[in-house]
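Enquirer: Data file upload_3.cif (mmCIF, C-alpha atoms and all ligand atoms) is appended below.
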data_coords
#
loop_
_atom_site.label_atom_id
_atom_site.label_comp_id
_atom_site.auth_asym_id
_atom_site.auth_seq_id
_atom_site.Cartn_x
_atom_site.Cartn_y
_atom_site.Cartn_z
CA MET U 1 26.20 28.61 3.30
CA THR U 2 28.80 30.26 1.14
CA ASN U 3 29.92 33.70 0.05
CA ARG U 4 32.04 35.24 -2.66
CA ASP U 5 35.24 34.43 -0.80
CA THR U 6 34.39 30.87 0.14
CA PRO U 7 33.39 28.76 -2.84
CA LEU U 8 31.27 25.74 -1.91
CA LEU U 9 32.46 22.35 -3.13
CA VAL U 10 29.66 19.78 -3.35
CA ALA U 11 30.54 16.10 -3.84
CA ASN U 12 27.75 14.22 -5.63
CA TRP U 13 28.52 10.54 -5.09
CA LYS U 14 25.46 9.48 -7.13
CA ALA U 15 24.82 5.70 -6.83
CA ASN U 16 28.47 4.68 -7.12
CA LEU U 17 29.18 3.28 -3.67
CA ALA U 18 27.57 1.02 -1.09
CA PRO U 19 26.89 2.67 2.30
CA ALA U 20 29.92 1.07 3.99
CA GLU U 21 32.16 2.34 1.17
CA GLU U 22 30.62 5.81 1.54
CA VAL U 23 31.38 5.85 5.27
CA ALA U 24 34.98 4.82 4.55
CA LEU U 25 35.36 7.53 1.87
CA ALA U 26 33.82 10.18 4.15
CA GLY U 27 36.39 9.25 6.81
CA GLN U 28 39.24 9.54 4.30
CA ILE U 29 37.95 12.92 3.09
CA ALA U 30 37.66 14.23 6.64
CA THR U 31 41.17 13.03 7.52
CA GLU U 32 42.61 14.63 4.38
CA ALA U 33 40.60 17.83 4.97
CA THR U 34 42.01 18.04 8.50
CA ARG U 35 45.55 17.55 7.17
CA ARG U 36 45.02 20.27 4.56
CA GLU U 37 43.32 22.65 7.02
CA THR U 38 40.20 22.87 4.88
CA LYS U 39 38.07 25.90 5.63
CA PRO U 40 35.11 24.87 7.84
CA GLY U 41 31.84 24.85 5.93
CA SER U 42 33.44 24.78 2.46
CA LEU U 43 32.62 21.11 1.72
CA MET U 44 29.30 19.36 1.25
CA ILE U 45 28.78 15.67 0.52
CA ALA U 46 25.74 14.13 -1.17
CA PRO U 47 25.81 10.39 -0.31
CA SER U 48 23.29 7.85 -1.54
CA THR U 49 19.95 7.60 0.28
CA LEU U 50 21.12 4.62 2.33
CA GLY U 51 24.52 6.18 3.05
CA ALA U 52 23.30 9.58 4.20
CA VAL U 53 22.57 8.62 7.81
CA PRO U 54 25.83 6.75 8.59
CA VAL U 55 27.93 9.35 6.73
CA ALA U 56 26.21 12.25 8.53
CA SER U 57 26.64 10.61 11.92
CA LEU U 58 30.32 9.80 11.32
CA LEU U 59 31.05 13.39 10.26
CA ALA U 60 29.11 14.90 13.18
CA ARG U 61 30.59 12.51 15.73
CA GLU U 62 34.25 12.53 14.72
CA HIS U 63 34.86 15.51 12.43
CA GLY U 64 32.39 18.17 13.56
CA SER U 65 34.89 21.03 13.38
CA LEU U 66 35.11 20.68 9.57
CA GLN U 67 31.39 21.47 9.28
CA ILE U 68 31.01 19.24 6.22
CA GLY U 69 27.40 19.59 5.10
CA ILE U 70 25.21 16.73 3.92
CA ALA U 71 22.94 16.99 0.88
CA ALA U 72 20.41 14.37 -0.13
CA GLN U 73 20.28 13.34 -3.79
CA ASP U 74 16.48 13.30 -3.98
CA VAL U 75 13.36 13.85 -1.94
CA SER U 76 9.74 12.78 -2.29
CA ALA U 77 7.12 15.08 -3.80
CA LEU U 78 4.73 13.77 -1.12
CA GLU U 79 4.19 14.64 2.52
CA PRO U 80 4.85 12.03 5.22
CA GLY U 81 2.11 9.45 5.21
CA ALA U 82 1.05 6.13 3.71
CA HIS U 83 3.36 6.22 0.66
CA THR U 84 5.40 3.01 0.51
CA GLY U 85 9.00 3.60 -0.50
CA GLU U 86 8.95 7.41 -0.41
CA GLY U 87 11.39 9.61 1.49
CA PRO U 88 9.58 12.82 2.50
CA ALA U 89 11.54 16.02 3.04
CA PRO U 90 10.89 16.43 6.80
CA HIS U 91 12.52 13.03 7.38
CA LEU U 92 15.85 14.52 6.25
CA LEU U 93 15.93 17.08 9.05
CA GLY U 94 18.89 16.50 11.33
CA ILE U 95 20.59 14.49 8.57
CA ALA U 96 20.85 16.78 5.52
CA ARG U 97 20.54 20.52 5.10
CA ALA U 98 20.31 20.54 1.31
CA VAL U 99 18.95 18.37 -1.49
CA ILE U 100 19.98 18.03 -5.13
CA LEU U 101 16.90 18.27 -7.37
CA GLY U 102 16.39 18.31 -11.12
CA HIS U 103 19.63 16.49 -11.94
CA SER U 104 19.72 15.43 -15.61
CA GLU U 105 20.27 11.82 -14.52
CA ARG U 106 16.88 11.94 -12.77
CA ARG U 107 15.26 13.81 -15.67
CA ASP U 108 16.52 10.93 -17.86
CA LEU U 109 14.58 8.58 -15.56
CA GLY U 110 11.39 10.50 -16.33
CA GLU U 111 11.33 13.41 -13.86
CA THR U 112 9.54 16.37 -15.41
CA GLY U 113 9.82 20.04 -14.54
CA ALA U 114 6.40 19.74 -12.88
CA LEU U 115 7.57 16.93 -10.57
CA ILE U 116 10.86 18.70 -9.80
CA GLY U 117 8.93 21.84 -8.84
CA LYS U 118 6.79 19.86 -6.40
CA LYS U 119 9.92 18.40 -4.83
CA VAL U 120 11.47 21.87 -4.58
CA ALA U 121 8.35 23.10 -2.77
CA ARG U 122 8.47 20.17 -0.30
CA ALA U 123 12.18 20.69 0.34
CA VAL U 124 11.76 24.42 0.93
CA ALA U 125 8.76 23.91 3.23
CA ALA U 126 10.92 21.56 5.32
CA GLY U 127 13.74 24.15 5.50
CA LEU U 128 16.15 22.32 3.18
CA SER U 129 18.19 24.28 0.61
CA PRO U 130 17.42 22.96 -2.85
CA ILE U 131 20.38 22.62 -5.20
CA VAL U 132 18.37 22.93 -8.41
CA CYS U 133 20.14 21.56 -11.48
CA VAL U 134 19.52 22.96 -14.95
CA GLY U 135 21.47 22.22 -18.10
CA ASP U 136 21.42 22.28 -21.87
CA ARG U 137 21.79 19.08 -23.90
CA ASP U 138 23.34 20.11 -27.22
CA ARG U 139 27.12 20.48 -27.17
CA GLU U 140 26.95 22.56 -30.38
CA ALA U 141 24.28 25.05 -29.23
CA THR U 142 24.97 28.79 -29.09
CA THR U 143 25.26 30.53 -25.73
CA GLU U 144 21.88 32.18 -26.34
CA GLN U 145 20.25 28.80 -27.02
CA ARG U 146 21.78 27.37 -23.83
CA CYS U 147 20.54 30.36 -21.79
CA ASP U 148 17.05 29.97 -23.30
CA GLU U 149 17.01 26.26 -22.41
CA VAL U 150 18.00 26.74 -18.77
CA ARG U 151 15.62 29.70 -18.40
CA ALA U 152 12.79 27.49 -19.73
CA GLN U 153 13.71 24.71 -17.29
CA TRP U 154 13.72 27.18 -14.41
CA HIS U 155 10.35 28.69 -15.42
CA GLU U 156 8.72 25.27 -15.72
CA LEU U 157 9.84 24.02 -12.33
CA MET U 158 9.18 27.33 -10.57
CA GLU U 159 5.63 27.45 -11.96
CA SER U 160 5.06 24.02 -10.42
CA ALA U 161 6.75 25.00 -7.13
CA VAL U 162 4.46 28.03 -6.87
CA GLN U 163 1.40 25.87 -7.62
CA SER U 164 2.57 23.64 -4.77
CA GLY U 165 2.51 26.60 -2.39
CA SER U 166 6.12 27.79 -2.58
CA SER U 167 7.52 31.12 -3.79
CA LEU U 168 10.74 32.62 -5.07
CA ALA U 169 11.09 34.54 -1.79
CA ALA U 170 10.82 31.25 0.15
CA LEU U 171 13.51 29.66 -2.04
CA ILE U 172 15.84 32.60 -1.51
CA ASP U 173 15.15 32.57 2.25
CA VAL U 174 16.11 28.94 2.57
CA GLY U 175 19.30 29.42 0.53
CA VAL U 176 18.57 28.01 -2.92
CA PHE U 177 21.48 27.14 -5.20
CA ILE U 178 21.17 26.74 -8.95
CA ALA U 179 23.66 24.30 -10.45
CA TYR U 180 24.41 24.84 -14.13
CA GLU U 181 25.24 21.36 -15.38
CA PRO U 182 25.48 21.11 -19.17
CA VAL U 183 24.43 17.53 -19.86
CA TRP U 184 27.11 17.04 -22.53
CA ALA U 185 29.83 17.89 -19.99
CA ILE U 186 28.71 15.48 -17.24
CA GLY U 187 30.95 12.42 -17.12
CA SER U 188 32.57 13.33 -20.45
CA GLY U 189 35.94 14.42 -19.07
CA ASP U 190 35.40 17.67 -20.93
CA ALA U 191 34.21 20.54 -18.72
CA ALA U 192 32.39 23.55 -20.16
CA ASP U 193 34.33 26.70 -20.89
CA PRO U 194 34.33 28.71 -17.62
CA GLU U 195 33.32 31.81 -19.57
CA LEU U 196 30.21 30.00 -20.84
CA ALA U 197 29.38 28.93 -17.27
CA GLY U 198 29.71 32.58 -16.24
CA ARG U 199 27.39 33.75 -19.02
CA VAL U 200 24.74 31.23 -18.02
CA ALA U 201 25.16 32.27 -14.36
CA ALA U 202 24.59 35.89 -15.40
CA ALA U 203 21.49 34.92 -17.43
CA LEU U 204 20.07 33.04 -14.43
CA ARG U 205 20.76 35.99 -12.13
CA GLY U 206 19.09 38.32 -14.65
CA LEU U 207 16.02 36.08 -14.56
CA ILE U 208 15.82 35.42 -10.83
CA THR U 209 17.79 37.86 -8.67
CA ASP U 210 21.40 38.97 -8.52
CA GLU U 211 21.67 37.38 -5.08
CA VAL U 212 21.07 33.80 -6.19
CA LYS U 213 24.00 31.41 -5.71
CA VAL U 214 25.12 29.57 -8.82
CA LEU U 215 27.29 26.44 -8.98
CA TYR U 216 28.86 24.78 -12.01
CA GLY U 217 29.00 21.00 -12.51
CA GLY U 218 30.28 18.75 -15.30
CA SER U 219 33.71 17.05 -15.44
CA VAL U 220 35.30 19.38 -12.89
CA ARG U 221 38.93 18.48 -12.19
CA ALA U 222 41.53 20.22 -10.01
CA GLU U 223 43.58 21.45 -12.98
CA ARG U 224 40.87 23.80 -14.23
CA ALA U 225 38.84 24.33 -11.06
CA SER U 226 40.12 27.80 -10.23
CA SER U 227 39.36 29.10 -13.75
CA PHE U 228 35.64 28.92 -12.90
CA PHE U 229 36.12 31.74 -10.40
CA ALA U 230 37.75 34.26 -12.71
CA GLY U 231 34.44 35.92 -13.66
CA GLY U 232 33.00 38.75 -11.58
CA GLY U 233 29.71 40.58 -11.25
CA ALA U 234 26.63 38.65 -12.35
CA ALA U 235 28.91 36.09 -14.07
CA ARG U 236 30.47 34.98 -10.78
CA LEU U 237 30.17 31.38 -9.61
CA ASP U 238 29.68 30.41 -5.97
CA GLY U 239 30.90 26.85 -6.10
CA LEU U 240 31.24 23.54 -7.93
CA LEU U 241 29.18 20.34 -8.04
CA VAL U 242 31.53 17.42 -8.61
CA GLY U 243 30.72 13.83 -9.57
CA GLY U 244 33.57 11.52 -10.67
CA ALA U 245 36.40 13.52 -9.08
CA SER U 246 34.63 13.43 -5.70
CA LEU U 247 35.04 9.66 -5.41
CA SER U 248 38.61 9.93 -4.13
CA SER U 249 39.68 12.02 -1.14
CA GLU U 250 42.81 13.08 -2.99
CA SER U 251 41.10 14.39 -6.13
CA LEU U 252 38.30 16.07 -4.16
CA LEU U 253 40.72 17.84 -1.83
CA ASP U 254 42.95 18.76 -4.79
CA ILE U 255 39.96 20.73 -6.11
CA SER U 256 39.49 22.34 -2.69
CA THR U 257 43.18 23.30 -2.70
CA ALA U 258 42.83 24.77 -6.20
CA LEU U 259 39.91 26.89 -4.93
CA GLY U 260 41.97 28.11 -1.99
CA THR U 261 39.68 26.47 0.61
CA SER U 262 42.38 23.93 1.55
CA ARG U 263 46.15 24.14 1.77
P1 LIG U 301 31.00 14.59 -13.24
O1 LIG U 301 31.85 15.50 -12.37
O2 LIG U 301 31.31 13.14 -13.06
O3 LIG U 301 31.00 15.04 -14.67
O4 LIG U 301 29.50 14.74 -12.70
C1 LIG U 301 28.96 16.00 -12.56
C2 LIG U 301 27.63 15.89 -11.94
O5 LIG U 301 26.69 15.35 -12.51
C3 LIG U 301 27.48 16.45 -10.58
O6 LIG U 301 26.14 16.49 -10.19
#
What would you get if you wrote out this structure as structure tokens?

Expert:
Amino acid sequence: MTNRDTPLLVANWKANLAPAEEVALAGQIATEATRRETKPGSLMIAPSTLGAVPVASLLAREHGSLQIGIAAQDVSALEPGAHTGEGPAPHLLGIARAVILGHSERRDLGETGALIGKKVARAVAAGLSPIVCVGDRDREATTEQRCDEVRAQWHELMESAVQSGSSLAALIDVGVFIAYEPVWAIGSGDAADPELAGRVAAALRGLITDEVKVLYGGSVRAERASSFFAGGGAARLDGLLVGGASLSSESLLDISTALGTSR
């Protein structure tokens, strides 16, 4: 979905907007992306559960050449069946190609590493790319402590994914992303130091494989967006996961411009 030269910009709209507002914002983003000649395939939008279908159909119908991807914000740990209220992974096919899992806002609602791993396994079995979020919680921690915390989160969820029939090879095959989202940076207006993000990316690559794609998320704004791509080697980042600044077409596309994927 992305390579070293084309950073991926993922807009996580969380539960901020009603579906009709999401459709309107998707239209504004597509119009602005067309005006700025955004590189096809460089944007992905994660609407709410109810907004995913109308947003996906608007983008496919009217703005297909931009190849804006759709990510879900969650998926069920269960297979399709008699499970009232659940949204199983195969039901997302044709709508989304990725799914954000393990976000700290869902962990705060009680999701454990074991549950996240089951969801990862379901997503992968359905052919969806999981965008697996990991992140440390203590703003004052040392880099080593942060790396230990995200490694532990990864181990816990992968153990569960494997127990649910998945494998690291299957995750890599389907195009897994790991999003490093320090919890203290999310919504704080204060992004992590890009060098720290690079060190965590390198630690994750050392643990998993050099090939794995790593995103950064947490108070990303256009002004500092390009600084996240200064690192090379194992410390490189492959894209950004953006919350607040993705809720306006202008600020989202300003980030894309800063990354060189829009004019
Ligand atoms: P903010 O960009 O609002 O800090 O949110 C980041 C995030 O949680 C993306 O998943």

Enquirer: For Arg122 in chain U, which residue out of U:Gln163, U:Asn16, U:Ser104, U:Thr84 is the nearest one, using all atoms listed in the file?

Expert: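 Of the candidates, the smallest distance to Arg122 in chain U is held by U:Gln163.
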
Enquirer: Around ligand LIG 301 (chain U), out to 7 Å and counting only C-alpha atoms and all ligand atoms, which residues are there? I want them as a PyMOL selection string.

Expert: chain U and resi 12+103+181+185-189+217-220+241-245

Enquirer: Return the single residue from U:Leu8, U:Ala98, U:Ala125, U:Ala234 that is closest to Asp74 in chain U, with distances computed using all atoms listed in the file.

Expert: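 Once distances to Asp74 in chain U are computed over all atoms listed in the file, the minimum belongs to U:Ala98.
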
Enquirer: Which one of U:Ile70, U:Gly165, U:Asp5, U:His63 sits closest to Phe229 in chain U if you count all atoms listed in the file?

Expert: U:Asp5

Enquirer: Tell me which of U:Ile95, U:Ala202, U:Leu101, U:Ala121 sits closest to Cys147 in chain U, counting only C-alpha atoms.

Expert: U:Ala202

Enquirer: One decimal, in Å: what's the spacing between CA of Ala258 in chain U and CA of Ala225 in chain U?

Expert: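 One can read the CA of Ala258 in chain U to CA of Ala225 in chain U distance as 6.3 Å.
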
Enquirer: One decimal, in Å: what's the spacing between CA of Ala11 in chain U and CA of Gly102 in chain U?

Expert: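 Between these atoms lies a distance of 16.1 Å.
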
Enquirer: Please, what distance in Å, to one decimal, runs between CA of Ser164 in chain U and CA of Lys14 in chain U?

Expert: 27.0 Å

Enquirer: Need to verify the contact set: Asp136 in chain U, 7 Å, all atoms listed in the file, exclusion of same-chain residues closer than 6 positions in sequence. Can you return it as an MDAnalysis selection string?

Expert: chainID U and resid 146 149:150 182:183

Enquirer: Could you write those residues out with C-alpha atoms, as a PDB file, in the coordinates of the input?

Expert:
ATOM      1  CA  ARG U 146      21.780  27.370 -23.830  1.00  0.00           C
ATOM      2  CA  GLU U 149      17.010  26.260 -22.410  1.00  0.00           C
ATOM      3  CA  VAL U 150      18.000  26.740 -18.770  1.00  0.00           C
ATOM      4  CA  PRO U 182      25.480  21.110 -19.170  1.00  0.00           C
ATOM      5  CA  VAL U 183      24.430  17.530 -19.860  1.00  0.00           C
TER       6      VAL U 183
END

Enquirer: (29.5, 5.1, 3.3) in this file's frame - what residues fall within 10 Å of it? Use all atoms listed in the file and give the answer as a VMD selection string.

Expert: chain U and resid 17 to 27 47 to 48 50 to 56 58

Enquirer: Considering all atoms listed in the file, can you say which of U:Ile68, U:Val134, U:Ile172, U:Leu196 comes closest to Ile116 in chain U?

Expert: U:Val134

Enquirer: Between U:Val132, U:Leu109, U:Val174, U:Ala33, which has the minimum distance to Gln73 in chain U (counting only C-alpha atoms)?

Expert: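 Checking each candidate against Gln73 in chain U, we get U:Val132 as the closest.
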
Enquirer: With all heavy atoms as the target, complete range 97-108 of chain U and hand it back as an mmCIF file, keeping the file's coordinate frame.

Expert:
data_model
loop_
_atom_site.group_PDB
_atom_site.id
_atom_site.type_symbol
_atom_site.label_atom_id
_atom_site.label_comp_id
_atom_site.auth_asym_id
_atom_site.auth_seq_id
_atom_site.Cartn_x
_atom_site.Cartn_y
_atom_site.Cartn_z
ATOM 1 N N ARG U 97 21.065 19.141 5.105
ATOM 2 C CA ARG U 97 20.540 20.520 5.100
ATOM 3 C C ARG U 97 20.244 21.004 3.688
ATOM 4 O O ARG U 97 19.793 22.131 3.497
ATOM 5 C CB ARG U 97 21.499 21.455 5.815
ATOM 6 C CG ARG U 97 22.843 21.603 5.153
ATOM 7 C CD ARG U 97 23.661 22.592 5.972
ATOM 8 N NE ARG U 97 24.814 23.032 5.241
ATOM 9 C CZ ARG U 97 26.031 23.131 5.772
ATOM 10 N NH1 ARG U 97 26.236 22.799 7.028
ATOM 11 N NH2 ARG U 97 27.027 23.572 5.046
ATOM 12 N N ALA U 98 20.548 20.161 2.705
ATOM 13 C CA ALA U 98 20.310 20.540 1.310
ATOM 14 C C ALA U 98 19.859 19.298 0.559
ATOM 15 O O ALA U 98 19.968 18.175 1.060
ATOM 16 C CB ALA U 98 21.581 21.107 0.698
ATOM 17 N N VAL U 99 19.343 19.507 -0.657
ATOM 18 C CA VAL U 99 18.950 18.370 -1.490
ATOM 19 C C VAL U 99 19.142 18.739 -2.961
ATOM 20 O O VAL U 99 18.764 19.829 -3.383
ATOM 21 C CB VAL U 99 17.511 17.891 -1.190
ATOM 22 C CG1 VAL U 99 16.489 19.004 -1.311
ATOM 23 C CG2 VAL U 99 17.116 16.736 -2.104
ATOM 24 N N ILE U 100 19.792 17.838 -3.681
ATOM 25 C CA ILE U 100 19.980 18.030 -5.130
ATOM 26 C C ILE U 100 18.680 17.643 -5.827
ATOM 27 O O ILE U 100 18.162 16.539 -5.615
ATOM 28 C CB ILE U 100 21.140 17.142 -5.644
ATOM 29 C CG1 ILE U 100 22.466 17.526 -4.967
ATOM 30 C CG2 ILE U 100 21.259 17.240 -7.165
ATOM 31 C CD1 ILE U 100 23.621 16.575 -5.264
ATOM 32 N N LEU U 101 18.157 18.549 -6.643
ATOM 33 C CA LEU U 101 16.900 18.270 -7.370
ATOM 34 C C LEU U 101 17.056 18.667 -8.840
ATOM 35 O O LEU U 101 17.808 19.594 -9.159
ATOM 36 C CB LEU U 101 15.740 19.036 -6.735
ATOM 37 C CG LEU U 101 15.361 18.564 -5.317
ATOM 38 C CD1 LEU U 101 14.373 19.522 -4.660
ATOM 39 C CD2 LEU U 101 14.791 17.151 -5.348
ATOM 40 N N GLY U 102 16.376 17.961 -9.707
ATOM 41 C CA GLY U 102 16.390 18.310 -11.120
ATOM 42 C C GLY U 102 17.634 17.862 -11.867
ATOM 43 O O GLY U 102 17.884 18.306 -12.996
ATOM 44 N N HIS U 103 18.417 16.966 -11.262
ATOM 45 C CA HIS U 103 19.630 16.490 -11.940
ATOM 46 C C HIS U 103 19.238 15.817 -13.264
ATOM 47 O O HIS U 103 18.231 15.111 -13.334
ATOM 48 C CB HIS U 103 20.385 15.517 -11.039
ATOM 49 C CG HIS U 103 21.803 15.307 -11.492
ATOM 50 N ND1 HIS U 103 22.106 14.546 -12.593
ATOM 51 C CD2 HIS U 103 22.978 15.778 -11.012
ATOM 52 C CE1 HIS U 103 23.426 14.557 -12.762
ATOM 53 N NE2 HIS U 103 23.984 15.300 -11.811
ATOM 54 N N SER U 104 20.051 15.998 -14.284
ATOM 55 C CA SER U 104 19.720 15.430 -15.610
ATOM 56 C C SER U 104 19.613 13.908 -15.556
ATOM 57 O O SER U 104 18.867 13.308 -16.333
ATOM 58 C CB SER U 104 20.743 15.858 -16.647
ATOM 59 O OG SER U 104 22.026 15.425 -16.276
ATOM 60 N N GLU U 105 20.361 13.285 -14.620
ATOM 61 C CA GLU U 105 20.270 11.820 -14.520
ATOM 62 C C GLU U 105 18.893 11.388 -14.005
ATOM 63 O O GLU U 105 18.418 10.299 -14.319
ATOM 64 C CB GLU U 105 21.408 11.283 -13.639
ATOM 65 C CG GLU U 105 22.746 11.400 -14.373
ATOM 66 C CD GLU U 105 23.957 11.451 -13.469
ATOM 67 O OE1 GLU U 105 23.821 11.266 -12.243
ATOM 68 O OE2 GLU U 105 25.060 11.699 -14.000
ATOM 69 N N ARG U 106 18.246 12.246 -13.216
ATOM 70 C CA ARG U 106 16.880 11.940 -12.770
ATOM 71 C C ARG U 106 15.858 12.361 -13.841
ATOM 72 O O ARG U 106 14.847 11.701 -14.026
ATOM 73 C CB ARG U 106 16.574 12.617 -11.428
ATOM 74 C CG ARG U 106 17.454 12.060 -10.293
ATOM 75 C CD ARG U 106 16.768 12.089 -8.966
ATOM 76 N NE ARG U 106 15.531 11.349 -8.991
ATOM 77 C CZ ARG U 106 15.431 10.016 -8.874
ATOM 78 N NH1 ARG U 106 16.506 9.278 -8.709
ATOM 79 N NH2 ARG U 106 14.255 9.430 -8.919
ATOM 80 N N ARG U 107 16.150 13.440 -14.551
ATOM 81 C CA ARG U 107 15.260 13.810 -15.670
ATOM 82 C C ARG U 107 15.262 12.673 -16.698
ATOM 83 O O ARG U 107 14.215 12.353 -17.269
ATOM 84 C CB ARG U 107 15.730 15.113 -16.326
ATOM 85 C CG ARG U 107 15.568 16.347 -15.431
ATOM 86 C CD ARG U 107 16.082 17.583 -16.153
ATOM 87 N NE ARG U 107 16.235 18.721 -15.278
ATOM 88 C CZ ARG U 107 15.380 19.751 -15.199
ATOM 89 N NH1 ARG U 107 14.291 19.765 -15.920
ATOM 90 N NH2 ARG U 107 15.625 20.753 -14.391
ATOM 91 N N ASP U 108 16.441 12.048 -16.906
ATOM 92 C CA ASP U 108 16.520 10.930 -17.860
ATOM 93 C C ASP U 108 15.688 9.736 -17.389
ATOM 94 O O ASP U 108 15.299 8.892 -18.196
ATOM 95 C CB ASP U 108 17.985 10.469 -18.028
ATOM 96 C CG ASP U 108 18.793 11.479 -18.834
ATOM 97 O OD1 ASP U 108 18.193 12.363 -19.462
ATOM 98 O OD2 ASP U 108 20.040 11.374 -18.821
#
